[in-house]
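S.K.: Mind looking over this structure? Questions follow.
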Amino acid sequence: MKAEYINPFIKAVVEVLKIMAFTKAKASKPYLKKDDLATGDVSAIVGMTGQSNGTFSLSFDEKSVLTIASNMFGEKITKLDRDVTEVVGEIANMVSGQARRELEAIGLVLDGAIPSVFGGSNHNILHFTEGPKIAIPFTLEGGAFTMEVCFEF
């Protein structure tokens, strides 16, 4: 998969978390993911269709999503609840929109679905596409999370 299709998602994650959660996310080296096991405790997945079919997901460990939610709400959040899971869906929605705008600028037009959010220990993320799953680990003050991008070409 071409980096030009992944980089808009990395950029969008960094910018959305900087603006919405007042935190700096740092991407690590991407790798090819071979299983469906989520790396975090709360995940969101967004399907995309158009000139290609694809999905992207975000999977946050508990510490990172509580840090993000606390920053967004302006108060300390200490437990995973419905409000926190809604934060994950909203972040995924904003990342999807920003990344798809950048992809459109290079000629790849995609429509995005409403994010699906789920959680629990050892849950799976099913991408429903045949392309390779590229995983990008991120760190931020107060936790870690992983983004996965999968396109069929």
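Each chain of the structure tokens is named A, B, ... in the order shown, its residues numbered from 1; ligands are numbered from 1 in display order.
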Pull the helix (DSSP H, G or I) assignments for chain A out of DSSP run on the backbone, and list those residues as an mmCIF file with N, CA and C atoms, in the first residue's frame.
M.R.:
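result_26.cif written:
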data_model
loop_
_atom_site.group_PDB
_atom_site.id
_atom_site.type_symbol
_atom_site.label_atom_id
_atom_site.label_comp_id
_atom_site.auth_asym_id
_atom_site.auth_seq_id
_atom_site.Cartn_x
_atom_site.Cartn_y
_atom_site.Cartn_z
ATOM 1 N N ALA A 3 2.329 4.893 0.692
ATOM 2 C CA ALA A 3 2.365 5.790 1.846
ATOM 3 C C ALA A 3 1.424 6.978 1.665
ATOM 4 N N GLU A 4 1.209 7.394 0.411
ATOM 5 C CA GLU A 4 0.336 8.544 0.169
ATOM 6 C C GLU A 4 -1.105 8.276 0.598
ATOM 7 N N TYR A 5 -1.484 6.996 0.769
ATOM 8 C CA TYR A 5 -2.821 6.662 1.236
ATOM 9 C C TYR A 5 -2.884 6.526 2.750
ATOM 10 N N ILE A 6 -1.754 6.341 3.391
ATOM 11 C CA ILE A 6 -1.705 6.187 4.853
ATOM 12 C C ILE A 6 -1.381 7.510 5.543
ATOM 13 N N ASN A 7 -0.489 8.292 4.962
ATOM 14 C CA ASN A 7 -0.051 9.539 5.598
ATOM 15 C C ASN A 7 -1.180 10.505 5.946
ATOM 16 N N PRO A 8 -2.238 10.638 5.116
ATOM 17 C CA PRO A 8 -3.328 11.533 5.517
ATOM 18 C C PRO A 8 -4.010 11.109 6.821
ATOM 19 N N PHE A 9 -4.060 9.812 7.097
ATOM 20 C CA PHE A 9 -4.658 9.335 8.344
ATOM 21 C C PHE A 9 -3.755 9.651 9.534
ATOM 22 N N ILE A 10 -2.443 9.466 9.347
ATOM 23 C CA ILE A 10 -1.499 9.795 10.424
ATOM 24 C C ILE A 10 -1.582 11.281 10.745
ATOM 25 N N LYS A 11 -1.539 12.100 9.709
ATOM 26 C CA LYS A 11 -1.617 13.555 9.897
ATOM 27 C C LYS A 11 -2.925 13.952 10.583
ATOM 28 N N ALA A 12 -4.031 13.345 10.164
ATOM 29 C CA ALA A 12 -5.329 13.679 10.747
ATOM 30 C C ALA A 12 -5.401 13.293 12.221
ATOM 31 N N VAL A 13 -4.866 12.139 12.590
ATOM 32 C CA VAL A 13 -4.864 11.730 13.996
ATOM 33 C C VAL A 13 -4.107 12.757 14.842
ATOM 34 N N VAL A 14 -2.928 13.126 14.386
ATOM 35 C CA VAL A 14 -2.101 14.081 15.143
ATOM 36 C C VAL A 14 -2.829 15.415 15.282
ATOM 37 N N GLU A 15 -3.406 15.920 14.201
ATOM 38 C CA GLU A 15 -4.063 17.225 14.235
ATOM 39 C C GLU A 15 -5.356 17.208 15.053
ATOM 40 N N VAL A 16 -6.163 16.164 14.895
ATOM 41 C CA VAL A 16 -7.424 16.092 15.643
ATOM 42 C C VAL A 16 -7.146 16.025 17.145
ATOM 43 N N LEU A 17 -6.195 15.200 17.560
ATOM 44 C CA LEU A 17 -5.909 15.102 18.995
ATOM 45 C C LEU A 17 -5.270 16.371 19.543
ATOM 46 N N LYS A 18 -4.494 17.046 18.724
ATOM 47 C CA LYS A 18 -3.898 18.315 19.155
ATOM 48 C C LYS A 18 -4.987 19.363 19.378
ATOM 49 N N ILE A 19 -5.921 19.467 18.442
ATOM 50 C CA ILE A 19 -6.959 20.498 18.519
ATOM 51 C C ILE A 19 -8.050 20.147 19.525
ATOM 52 N N MET A 20 -8.526 18.905 19.494
ATOM 53 C CA MET A 20 -9.681 18.523 20.312
ATOM 54 C C MET A 20 -9.321 18.068 21.722
ATOM 55 N N ALA A 21 -8.150 17.461 21.884
ATOM 56 C CA ALA A 21 -7.795 16.895 23.187
ATOM 57 C C ALA A 21 -6.546 17.531 23.781
ATOM 58 N N GLU A 62 -6.858 1.932 27.841
ATOM 59 C CA GLU A 62 -7.707 2.659 28.793
ATOM 60 C C GLU A 62 -7.073 3.975 29.237
ATOM 61 N N LYS A 63 -5.797 3.951 29.517
ATOM 62 C CA LYS A 63 -5.116 5.158 30.000
ATOM 63 C C LYS A 63 -5.156 6.279 28.967
ATOM 64 N N SER A 64 -4.915 5.947 27.706
ATOM 65 C CA SER A 64 -4.902 6.992 26.678
ATOM 66 C C SER A 64 -6.287 7.582 26.448
ATOM 67 N N VAL A 65 -7.320 6.730 26.393
ATOM 68 C CA VAL A 65 -8.660 7.258 26.126
ATOM 69 C C VAL A 65 -9.179 8.059 27.321
ATOM 70 N N LEU A 66 -8.798 7.684 28.529
ATOM 71 C CA LEU A 66 -9.196 8.489 29.696
ATOM 72 C C LEU A 66 -8.484 9.841 29.693
ATOM 73 N N THR A 67 -7.233 9.863 29.268
ATOM 74 C CA THR A 67 -6.496 11.130 29.146
ATOM 75 C C THR A 67 -7.152 12.027 28.101
ATOM 76 N N ILE A 68 -7.467 11.459 26.940
ATOM 77 C CA ILE A 68 -8.095 12.223 25.861
ATOM 78 C C ILE A 68 -9.453 12.755 26.300
ATOM 79 N N ALA A 69 -10.279 11.893 26.892
ATOM 80 C CA ALA A 69 -11.611 12.318 27.341
ATOM 81 C C ALA A 69 -11.508 13.385 28.417
ATOM 82 N N SER A 70 -10.586 13.220 29.344
ATOM 83 C CA SER A 70 -10.395 14.224 30.398
ATOM 84 C C SER A 70 -10.040 15.576 29.801
ATOM 85 N N ASN A 71 -9.138 15.578 28.829
ATOM 86 C CA ASN A 71 -8.742 16.824 28.184
ATOM 87 C C ASN A 71 -9.906 17.447 27.417
ATOM 88 N N MET A 72 -10.689 16.617 26.742
ATOM 89 C CA MET A 72 -11.809 17.144 25.955
ATOM 90 C C MET A 72 -12.921 17.692 26.847
ATOM 91 N N PHE A 73 -13.197 16.999 27.966
ATOM 92 C CA PHE A 73 -14.277 17.426 28.859
ATOM 93 C C PHE A 73 -13.843 18.476 29.867
ATOM 94 N N ARG A 82 -20.058 5.266 28.800
ATOM 95 C CA ARG A 82 -20.638 5.592 27.492
ATOM 96 C C ARG A 82 -20.070 6.898 26.919
ATOM 97 N N ASP A 83 -19.890 7.913 27.759
ATOM 98 C CA ASP A 83 -19.343 9.182 27.278
ATOM 99 C C ASP A 83 -17.946 8.999 26.696
ATOM 100 N N VAL A 84 -17.143 8.179 27.356
ATOM 101 C CA VAL A 84 -15.782 7.941 26.881
ATOM 102 C C VAL A 84 -15.810 7.185 25.554
ATOM 103 N N THR A 85 -16.664 6.190 25.427
ATOM 104 C CA THR A 85 -16.728 5.457 24.155
ATOM 105 C C THR A 85 -17.239 6.360 23.039
ATOM 106 N N GLU A 86 -18.122 7.291 23.359
ATOM 107 C CA GLU A 86 -18.585 8.242 22.346
ATOM 108 C C GLU A 86 -17.454 9.154 21.888
ATOM 109 N N VAL A 87 -16.528 9.472 22.777
ATOM 110 C CA VAL A 87 -15.354 10.264 22.410
ATOM 111 C C VAL A 87 -14.553 9.527 21.334
ATOM 112 N N VAL A 88 -14.378 8.233 21.505
ATOM 113 C CA VAL A 88 -13.617 7.441 20.527
ATOM 114 C C VAL A 88 -14.298 7.496 19.163
ATOM 115 N N GLY A 89 -15.608 7.358 19.139
ATOM 116 C CA GLY A 89 -16.332 7.444 17.874
ATOM 117 C C GLY A 89 -16.215 8.808 17.228
ATOM 118 N N GLU A 90 -16.297 9.851 18.029
ATOM 119 C CA GLU A 90 -16.203 11.207 17.472
ATOM 120 C C GLU A 90 -14.803 11.496 16.939
ATOM 121 N N ILE A 91 -13.774 11.037 17.634
ATOM 122 C CA ILE A 91 -12.407 11.212 17.141
ATOM 123 C C ILE A 91 -12.247 10.483 15.807
ATOM 124 N N ALA A 92 -12.740 9.251 15.740
ATOM 125 C CA ALA A 92 -12.656 8.485 14.489
ATOM 126 C C ALA A 92 -13.384 9.200 13.356
ATOM 127 N N ASN A 93 -14.535 9.777 13.656
ATOM 128 C CA ASN A 93 -15.296 10.506 12.642
ATOM 129 C C ASN A 93 -14.525 11.724 12.124
ATOM 130 N N MET A 94 -13.925 12.475 13.032
ATOM 131 C CA MET A 94 -13.157 13.658 12.620
ATOM 132 C C MET A 94 -11.921 13.268 11.820
ATOM 133 N N VAL A 95 -11.220 12.215 12.254
ATOM 134 C CA VAL A 95 -10.036 11.744 11.527
ATOM 135 C C VAL A 95 -10.441 11.291 10.130
ATOM 136 N N SER A 96 -11.529 10.539 10.043
ATOM 137 C CA SER A 96 -12.018 10.061 8.751
ATOM 138 C C SER A 96 -12.282 11.217 7.797
ATOM 139 N N GLY A 97 -12.986 12.218 8.261
ATOM 140 C CA GLY A 97 -13.317 13.353 7.412
ATOM 141 C C GLY A 97 -12.089 14.094 6.928
ATOM 142 N N GLN A 98 -11.178 14.372 7.826
ATOM 143 C CA GLN A 98 -9.972 15.114 7.442
ATOM 144 C C GLN A 98 -9.100 14.291 6.491
ATOM 145 N N ALA A 99 -8.911 13.015 6.776
ATOM 146 C CA ALA A 99 -8.070 12.178 5.922
ATOM 147 C C ALA A 99 -8.693 12.020 4.536
ATOM 148 N N ARG A 100 -10.016 11.834 4.471
ATOM 149 C CA ARG A 100 -10.672 11.679 3.170
ATOM 150 C C ARG A 100 -10.586 12.950 2.337
ATOM 151 N N ARG A 101 -10.612 14.120 2.981
ATOM 152 C CA ARG A 101 -10.427 15.377 2.230
ATOM 153 C C ARG A 101 -9.035 15.414 1.603
ATOM 154 N N GLU A 102 -8.025 14.996 2.350
ATOM 155 C CA GLU A 102 -6.658 14.981 1.804
ATOM 156 C C GLU A 102 -6.518 13.954 0.690
ATOM 157 N N LEU A 103 -7.159 12.801 0.850
ATOM 158 C CA LEU A 103 -7.102 11.779 -0.195
ATOM 159 C C LEU A 103 -7.794 12.262 -1.464
ATOM 160 N N GLU A 104 -8.888 12.974 -1.309
ATOM 161 C CA GLU A 104 -9.597 13.518 -2.470
ATOM 162 C C GLU A 104 -8.701 14.478 -3.249
ATOM 163 N N ALA A 105 -7.880 15.234 -2.528
ATOM 164 C CA ALA A 105 -6.984 16.191 -3.180
ATOM 165 C C ALA A 105 -5.941 15.497 -4.057
#
S.K.: Tell me, as a ChimeraX atom specification, which residues lie within 8 Å of A:Thr139, counting only C-alpha atoms; anything in the same chain fewer than 2 positions away does not count.
M.R.: /A:25-28,137,141,143-145
S.K.: Restricting the calculation to only C-alpha atoms: of A:Phe138, A:Phe153, A:Ile77, A:Phe128, which residue gets closest to A:Phe56?
M.R.: A:Phe128
S.K.: Which polymer residues have any atom within 10 Å of an atom of A:Asn122, counting only C-alpha atoms, with same-chain residues fewer than 3 positions away left out, as a list in words?
M.R.: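 So the residues in contact are Asp36, Leu37, Ala38, Thr39, Gly40, Asp41, Gly119 and Ile125 of chain A.
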